[in-house]
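This is protein26.pdb. It holds PDB, N, CA, C and O atoms.
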ATOM      1  N   MET J 505     -39.069   0.248  -2.077
ATOM      2  CA  MET J 505     -39.472   1.524  -1.516
ATOM      3  C   MET J 505     -40.978   1.703  -1.724
ATOM      4  O   MET J 505     -41.502   1.490  -2.802
ATOM      5  N   ALA J 506     -41.665   2.068  -0.684
ATOM      6  CA  ALA J 506     -43.118   2.221  -0.753
ATOM      7  C   ALA J 506     -43.474   3.502  -1.494
ATOM      8  O   ALA J 506     -42.792   4.514  -1.389
ATOM      9  N   ALA J 507     -44.566   3.439  -2.234
ATOM     10  CA  ALA J 507     -45.029   4.612  -2.970
ATOM     11  C   ALA J 507     -45.659   5.601  -2.000
ATOM     12  O   ALA J 507     -46.330   5.212  -1.055
ATOM     13  N   LYS J 508     -45.410   6.877  -2.257
ATOM     14  CA  LYS J 508     -46.015   7.903  -1.421
ATOM     15  C   LYS J 508     -47.484   8.026  -1.769
ATOM     16  O   LYS J 508     -47.871   7.919  -2.919
ATOM     17  N   THR J 509     -48.304   8.259  -0.756
ATOM     18  CA  THR J 509     -49.723   8.466  -1.004
ATOM     19  C   THR J 509     -50.029   9.928  -0.749
ATOM     20  O   THR J 509     -49.466  10.554   0.141
ATOM     21  N   ASN J 510     -50.925  10.457  -1.533
ATOM     22  CA  ASN J 510     -51.352  11.834  -1.370
ATOM     23  C   ASN J 510     -52.195  11.929  -0.104
ATOM     24  O   ASN J 510     -53.129  11.167   0.078
ATOM     25  N   LYS J 511     -51.876  12.888   0.759
ATOM     26  CA  LYS J 511     -52.621  12.979   2.023
ATOM     27  C   LYS J 511     -54.070  13.388   1.799
ATOM     28  O   LYS J 511     -54.917  13.153   2.633
ATOM     29  N   ASN J 512     -54.378  13.998   0.644
ATOM     30  CA  ASN J 512     -55.741  14.388   0.335
ATOM     31  C   ASN J 512     -56.419  13.393  -0.588
ATOM     32  O   ASN J 512     -57.391  13.716  -1.253
ATOM     33  N   GLU J 513     -55.904  12.192  -0.617
ATOM     34  CA  GLU J 513     -56.453  11.155  -1.496
ATOM     35  C   GLU J 513     -57.916  10.896  -1.155
ATOM     36  O   GLU J 513     -58.274  10.632  -0.023
ATOM     37  N   GLY J 514     -58.763  11.013  -2.167
ATOM     38  CA  GLY J 514     -60.176  10.745  -1.966
ATOM     39  C   GLY J 514     -60.970  11.907  -1.406
ATOM     40  O   GLY J 514     -62.181  11.817  -1.284
ATOM     41  N   LEU J 515     -60.311  13.015  -1.089
ATOM     42  CA  LEU J 515     -61.002  14.169  -0.539
ATOM     43  C   LEU J 515     -61.226  15.201  -1.628
ATOM     44  O   LEU J 515     -60.392  15.396  -2.499
ATOM     45  N   MET J 516     -62.366  15.855  -1.573
ATOM     46  CA  MET J 516     -62.706  16.859  -2.574
ATOM     47  C   MET J 516     -62.455  18.252  -2.020
ATOM     48  O   MET J 516     -62.595  18.491  -0.822
ATOM     49  N   THR J 517     -62.098  19.173  -2.906
ATOM     50  CA  THR J 517     -61.910  20.557  -2.488
ATOM     51  C   THR J 517     -63.272  21.218  -2.310
ATOM     52  O   THR J 517     -64.296  20.701  -2.776
ATOM     53  N   THR J 518     -63.277  22.365  -1.676
ATOM     54  CA  THR J 518     -64.522  23.090  -1.462
ATOM     55  C   THR J 518     -65.146  23.479  -2.799
ATOM     56  O   THR J 518     -66.361  23.388  -2.966
ATOM     57  N   ALA J 519     -64.327  23.898  -3.759
ATOM     58  CA  ALA J 519     -64.846  24.278  -5.077
ATOM     59  C   ALA J 519     -65.519  23.091  -5.757
ATOM     60  O   ALA J 519     -66.576  23.238  -6.393
ATOM     61  N   GLU J 520     -64.928  21.906  -5.628
ATOM     62  CA  GLU J 520     -65.518  20.707  -6.219
ATOM     63  C   GLU J 520     -66.847  20.376  -5.534
ATOM     64  O   GLU J 520     -67.801  19.954  -6.186
ATOM     65  N   LEU J 521     -66.897  20.566  -4.224
ATOM     66  CA  LEU J 521     -68.129  20.282  -3.482
ATOM     67  C   LEU J 521     -69.241  21.247  -3.868
ATOM     68  O   LEU J 521     -70.396  20.857  -3.996
ATOM     69  N   LYS J 522     -68.890  22.524  -4.063
ATOM     70  CA  LYS J 522     -69.895  23.522  -4.424
ATOM     71  C   LYS J 522     -70.515  23.242  -5.787
ATOM     72  O   LYS J 522     -71.629  23.662  -6.059
ATOM     73  N   ALA J 523     -69.803  22.519  -6.640
ATOM     74  CA  ALA J 523     -70.304  22.200  -7.972
ATOM     75  C   ALA J 523     -71.331  21.059  -7.939
ATOM     76  O   ALA J 523     -72.044  20.851  -8.913
ATOM     77  N   LEU J 524     -71.422  20.346  -6.835
ATOM     78  CA  LEU J 524     -72.340  19.209  -6.731
ATOM     79  C   LEU J 524     -73.744  19.677  -6.359
ATOM     80  O   LEU J 524     -73.923  20.729  -5.747
ATOM     81  N   SER J 525     -74.727  18.850  -6.695
ATOM     82  CA  SER J 525     -76.110  19.151  -6.317
ATOM     83  C   SER J 525     -76.321  18.788  -4.845
ATOM     84  O   SER J 525     -75.486  18.103  -4.232
ATOM     85  N   VAL J 526     -77.441  19.219  -4.300
ATOM     86  CA  VAL J 526     -77.751  18.940  -2.892
ATOM     87  C   VAL J 526     -77.842  17.434  -2.654
ATOM     88  O   VAL J 526     -77.327  16.931  -1.647
ATOM     89  N   GLU J 527     -78.472  16.712  -3.570
ATOM     90  CA  GLU J 527     -78.601  15.259  -3.407
ATOM     91  C   GLU J 527     -77.235  14.576  -3.441
ATOM     92  O   GLU J 527     -76.981  13.651  -2.667
ATOM     93  N   GLU J 528     -76.371  15.026  -4.338
ATOM     94  CA  GLU J 528     -75.023  14.450  -4.413
ATOM     95  C   GLU J 528     -74.248  14.753  -3.138
ATOM     96  O   GLU J 528     -73.513  13.895  -2.629
ATOM     97  N   LEU J 529     -74.425  15.959  -2.612
ATOM     98  CA  LEU J 529     -73.751  16.321  -1.357
ATOM     99  C   LEU J 529     -74.243  15.457  -0.199
ATOM    100  O   LEU J 529     -73.445  15.023   0.636
ATOM    101  N   ARG J 530     -75.536  15.211  -0.160
ATOM    102  CA  ARG J 530     -76.081  14.365   0.917
ATOM    103  C   ARG J 530     -75.534  12.943   0.824
ATOM    104  O   ARG J 530     -75.229  12.321   1.844
ATOM    105  N   ALA J 531     -75.386  12.454  -0.402
ATOM    106  CA  ALA J 531     -74.822  11.114  -0.589
ATOM    107  C   ALA J 531     -73.355  11.089  -0.154
ATOM    108  O   ALA J 531     -72.914  10.148   0.517
ATOM    109  N   LYS J 532     -72.609  12.125  -0.521
ATOM    110  CA  LYS J 532     -71.196  12.217  -0.117
ATOM    111  C   LYS J 532     -71.082  12.320   1.399
ATOM    112  O   LYS J 532     -70.189  11.733   2.003
ATOM    113  N   LEU J 533     -71.985  13.068   2.014
ATOM    114  CA  LEU J 533     -71.970  13.236   3.466
ATOM    115  C   LEU J 533     -72.178  11.894   4.164
ATOM    116  O   LEU J 533     -71.431  11.540   5.082
ATOM    117  N   ALA J 534     -73.158  11.133   3.723
ATOM    118  CA  ALA J 534     -73.420   9.827   4.322
ATOM    119  C   ALA J 534     -72.217   8.898   4.139
ATOM    120  O   ALA J 534     -71.821   8.192   5.072
ATOM    121  N   GLU J 535     -71.638   8.931   2.957
ATOM    122  CA  GLU J 535     -70.470   8.099   2.661
ATOM    123  C   GLU J 535     -69.282   8.482   3.552
ATOM    124  O   GLU J 535     -68.619   7.621   4.125
ATOM    125  N   GLN J 536     -69.061   9.783   3.705
ATOM    126  CA  GLN J 536     -67.922  10.253   4.499
ATOM    127  C   GLN J 536     -68.152   9.992   5.985
ATOM    128  O   GLN J 536     -67.217   9.651   6.709
ATOM    129  N   GLN J 537     -69.388  10.140   6.459
ATOM    130  CA  GLN J 537     -69.685   9.854   7.865
ATOM    131  C   GLN J 537     -69.460   8.374   8.166
ATOM    132  O   GLN J 537     -68.975   8.030   9.247
ATOM    133  N   GLN J 538     -69.783   7.512   7.215
ATOM    134  CA  GLN J 538     -69.531   6.078   7.393
ATOM    135  C   GLN J 538     -68.024   5.817   7.461
ATOM    136  O   GLN J 538     -67.559   5.009   8.258
ATOM    137  N   ALA J 539     -67.258   6.530   6.638
ATOM    138  CA  ALA J 539     -65.805   6.376   6.645
ATOM    139  C   ALA J 539     -65.218   6.821   7.984
ATOM    140  O   ALA J 539     -64.319   6.166   8.524
ATOM    141  N   VAL J 540     -65.725   7.924   8.533
ATOM    142  CA  VAL J 540     -65.251   8.407   9.836
ATOM    143  C   VAL J 540     -65.561   7.378  10.916
ATOM    144  O   VAL J 540     -64.707   7.072  11.757
ATOM    145  N   PHE J 541     -66.758   6.828  10.879
ATOM    146  CA  PHE J 541     -67.140   5.821  11.869
ATOM    147  C   PHE J 541     -66.208   4.606  11.795
ATOM    148  O   PHE J 541     -65.709   4.125  12.816
ATOM    149  N   THR J 542     -65.946   4.141  10.575
ATOM    150  CA  THR J 542     -65.069   2.991  10.384
ATOM    151  C   THR J 542     -63.660   3.290  10.910
ATOM    152  O   THR J 542     -63.060   2.464  11.597
ATOM    153  N   MET J 543     -63.165   4.480  10.598
ATOM    154  CA  MET J 543     -61.828   4.871  11.076
ATOM    155  C   MET J 543     -61.787   4.955  12.594
ATOM    156  O   MET J 543     -60.797   4.560  13.207
ATOM    157  N   ARG J 544     -62.857   5.467  13.201
ATOM    158  CA  ARG J 544     -62.897   5.557  14.668
ATOM    159  C   ARG J 544     -62.830   4.173  15.297
ATOM    160  O   ARG J 544     -62.146   3.965  16.307
ATOM    161  N   MET J 545     -63.547   3.231  14.709
ATOM    162  CA  MET J 545     -63.525   1.864  15.236
ATOM    163  C   MET J 545     -62.139   1.241  15.061
ATOM    164  O   MET J 545     -61.636   0.564  15.963
ATOM    165  N   GLN J 546     -61.519   1.474  13.918
ATOM    166  CA  GLN J 546     -60.169   0.952  13.686
ATOM    167  C   GLN J 546     -59.178   1.580  14.648
ATOM    168  O   GLN J 546     -58.281   0.912  15.161
ATOM    169  N   HIS J 547     -59.337   2.887  14.900
ATOM    170  CA  HIS J 547     -58.433   3.581  15.825
ATOM    171  C   HIS J 547     -58.603   3.032  17.243
ATOM    172  O   HIS J 547     -57.611   2.830  17.959
ATOM    173  N   ALA J 548     -59.825   2.756  17.634
ATOM    174  CA  ALA J 548     -60.098   2.247  18.982
ATOM    175  C   ALA J 548     -59.516   0.851  19.188
ATOM    176  O   ALA J 548     -59.148   0.487  20.302
ATOM    177  N   THR J 549     -59.421   0.082  18.107
ATOM    178  CA  THR J 549     -58.891  -1.277  18.215
ATOM    179  C   THR J 549     -57.437  -1.368  17.734
ATOM    180  O   THR J 549     -56.941  -2.461  17.471
ATOM    181  N   ALA J 550     -56.791  -0.210  17.597
ATOM    182  CA  ALA J 550     -55.379  -0.109  17.201
ATOM    183  C   ALA J 550     -55.104  -0.742  15.839
ATOM    184  O   ALA J 550     -54.051  -1.317  15.610
ATOM    185  N   GLN J 551     -56.058  -0.643  14.908
ATOM    186  CA  GLN J 551     -55.882  -1.176  13.566
ATOM    187  C   GLN J 551     -55.688  -0.070  12.533
ATOM    188  O   GLN J 551     -55.384  -0.352  11.387
ATOM    189  N   LEU J 552     -55.868   1.186  12.941
ATOM    190  CA  LEU J 552     -55.749   2.308  12.012
ATOM    191  C   LEU J 552     -54.288   2.702  11.879
ATOM    192  O   LEU J 552     -53.642   3.077  12.858
ATOM    193  N   GLU J 553     -53.757   2.593  10.661
ATOM    194  CA  GLU J 553     -52.351   2.923  10.428
ATOM    195  C   GLU J 553     -52.156   4.421  10.223
ATOM    196  O   GLU J 553     -51.202   4.994  10.718
ATOM    197  N   ASN J 554     -53.056   5.053   9.475
ATOM    198  CA  ASN J 554     -52.919   6.471   9.160
ATOM    199  C   ASN J 554     -53.889   7.273  10.023
ATOM    200  O   ASN J 554     -55.013   7.544   9.621
ATOM    201  N   THR J 555     -53.443   7.675  11.192
ATOM    202  CA  THR J 555     -54.326   8.394  12.109
ATOM    203  C   THR J 555     -54.635   9.799  11.609
ATOM    204  O   THR J 555     -55.661  10.366  11.972
ATOM    205  N   ALA J 556     -53.799  10.364  10.772
ATOM    206  CA  ALA J 556     -54.060  11.689  10.211
ATOM    207  C   ALA J 556     -55.263  11.636   9.273
ATOM    208  O   ALA J 556     -55.943  12.648   9.071
ATOM    209  N   GLY J 557     -55.527  10.477   8.720
ATOM    210  CA  GLY J 557     -56.670  10.322   7.831
ATOM    211  C   GLY J 557     -57.985  10.542   8.557
ATOM    212  O   GLY J 557     -58.959  11.012   7.960
ATOM    213  N   LEU J 558     -58.024  10.233   9.835
ATOM    214  CA  LEU J 558     -59.229  10.445  10.632
ATOM    215  C   LEU J 558     -59.546  11.934  10.731
ATOM    216  O   LEU J 558     -60.679  12.358  10.517
ATOM    217  N   LYS J 559     -58.533  12.731  11.006
ATOM    218  CA  LYS J 559     -58.716  14.175  11.087
ATOM    219  C   LYS J 559     -59.149  14.745   9.737
ATOM    220  O   LYS J 559     -60.047  15.581   9.665
ATOM    221  N   ALA J 560     -58.548  14.270   8.670
ATOM    222  CA  ALA J 560     -58.896  14.739   7.326
ATOM    223  C   ALA J 560     -60.330  14.366   6.978
ATOM    224  O   ALA J 560     -61.062  15.168   6.371
ATOM    225  N   ALA J 561     -60.747  13.182   7.374
ATOM    226  CA  ALA J 561     -62.114  12.738   7.085
ATOM    227  C   ALA J 561     -63.135  13.577   7.859
ATOM    228  O   ALA J 561     -64.189  13.930   7.332
ATOM    229  N   LYS J 562     -62.823  13.908   9.106
ATOM    230  CA  LYS J 562     -63.708  14.754   9.904
ATOM    231  C   LYS J 562     -63.841  16.140   9.281
ATOM    232  O   LYS J 562     -64.922  16.723   9.240
ATOM    233  N   ARG J 563     -62.726  16.661   8.786
ATOM    234  CA  ARG J 563     -62.754  17.974   8.149
ATOM    235  C   ARG J 563     -63.574  17.932   6.864
ATOM    236  O   ARG J 563     -64.256  18.895   6.531
ATOM    237  N   GLN J 564     -63.485  16.822   6.155
ATOM    238  CA  GLN J 564     -64.261  16.679   4.924
ATOM    239  C   GLN J 564     -65.755  16.676   5.243
ATOM    240  O   GLN J 564     -66.546  17.288   4.523
ATOM    241  N   VAL J 565     -66.150  16.015   6.321
ATOM    242  CA  VAL J 565     -67.551  16.027   6.751
ATOM    243  C   VAL J 565     -67.977  17.463   7.045
ATOM    244  O   VAL J 565     -69.047  17.911   6.610
ATOM    245  N   ALA J 566     -67.145  18.206   7.737
ATOM    246  CA  ALA J 566     -67.461  19.603   8.069
ATOM    247  C   ALA J 566     -67.581  20.446   6.805
ATOM    248  O   ALA J 566     -68.484  21.290   6.690
ATOM    249  N   ARG J 567     -66.691  20.217   5.834
ATOM    250  CA  ARG J 567     -66.751  20.954   4.566
ATOM    251  C   ARG J 567     -68.073  20.685   3.840
ATOM    252  O   ARG J 567     -68.712  21.609   3.347
ATOM    253  N   ILE J 568     -68.446  19.422   3.781
ATOM    254  CA  ILE J 568     -69.680  19.049   3.090
ATOM    255  C   ILE J 568     -70.876  19.679   3.784
ATOM    256  O   ILE J 568     -71.779  20.225   3.144
ATOM    257  N   MET J 569     -70.900  19.633   5.109
ATOM    258  CA  MET J 569     -72.014  20.206   5.860
ATOM    259  C   MET J 569     -72.082  21.723   5.652
ATOM    260  O   MET J 569     -73.183  22.294   5.530
ATOM    261  N   THR J 570     -70.942  22.383   5.584
ATOM    262  CA  THR J 570     -70.907  23.826   5.353
ATOM    263  C   THR J 570     -71.481  24.160   3.985
ATOM    264  O   THR J 570     -72.304  25.068   3.842
ATOM    265  N   VAL J 571     -71.078  23.433   2.962
ATOM    266  CA  VAL J 571     -71.593  23.684   1.607
ATOM    267  C   VAL J 571     -73.099  23.416   1.559
ATOM    268  O   VAL J 571     -73.840  24.172   0.937
ATOM    269  N   LEU J 572     -73.547  22.359   2.223
ATOM    270  CA  LEU J 572     -74.990  22.071   2.274
ATOM    271  C   LEU J 572     -75.752  23.212   2.926
ATOM    272  O   LEU J 572     -76.822  23.608   2.458
ATOM    273  N   ASN J 573     -75.216  23.744   4.011
ATOM    274  CA  ASN J 573     -75.878  24.868   4.701
ATOM    275  C   ASN J 573     -75.898  26.117   3.836
ATOM    276  O   ASN J 573     -76.866  26.884   3.857
ATOM    277  N   GLU J 574     -74.836  26.339   3.057
ATOM    278  CA  GLU J 574     -74.786  27.499   2.176
ATOM    279  C   GLU J 574     -75.837  27.399   1.078
ATOM    280  O   GLU J 574     -76.385  28.401   0.654
ATOM    281  N   LYS J 575     -76.081  26.175   0.621
ATOM    282  CA  LYS J 575     -77.034  25.975  -0.465
ATOM    283  C   LYS J 575     -78.473  26.075   0.017
ATOM    284  O   LYS J 575     -79.393  26.180  -0.782
ATOM    285  N   GLY J 576     -78.658  26.019   1.313
ATOM    286  CA  GLY J 576     -80.003  26.191   1.850
ATOM    287  C   GLY J 576     -80.597  24.947   2.233
ATOM    288  O   GLY J 576     -81.288  24.247   2.507
TER     289      GLY J 576
END
Render the structure in this file as structure tokens.
Amino acid sequence: MAAKTNKNEGLMTTAELKALSVEELRAKLAEQQQAVFTMRMQHATAQLENTAGLKAAKRQVARIMTVLNEKG
């Protein structure tokens, strides 16, 4: 029997993001944008198994950008 994976695996909550510095947020943003790009390429070539992960990754990018905008 396969182990269940947490659907929010690797994703940070908004409270956790707000605790980070601007530089850390920018690094997380670049990392997450790269992950979204990789997932998009996998989805286009029918190699992406967890398509819901793409939506979650996009939302994480939006969360990070929102926190960055709030911080100024």
Check: Neighbours of region 529-531 of chain J within 12 Å (only C-alpha atoms; same-chain residues fewer than 3 positions away dropped), as number ranges by chain?
Finding: J: 516, 518, 520-526, 534-538, 564-575
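Atom pair atom O of Phe541 (chain J) / atom O of Gly576 (chain J) has a distance of 27.5 Å (rounded to one decimal).
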Notebook entry, point to check: Can you list every residue in chain J that DSSP puts in helix (DSSP H, G or I), as a ChimeraX atom specification?
Noted result: /J:518-522,526-548,556-575
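Relative to CA of Thr555 (chain J), atom O of Val540 (chain J) is found at 10.5 Å.
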Next item on the list: Take CA of Leu558 (chain J) and CA of Arg544 (chain J) and report the distance between them in Å, one decimal.
Entry: 7.3 Å
Mind working out the centre and edge lengths of an axis-aligned box for region 538-548 of chain J, all listed atoms inside, 6 Å added to each side, rounded to one decimal in Å and written as AutoDock Vina command-line options?
--center_x -63.7 --center_y 4.4 --center_z 13.5 --size_x 24.2 --size_y 19.9 --size_z 25.7
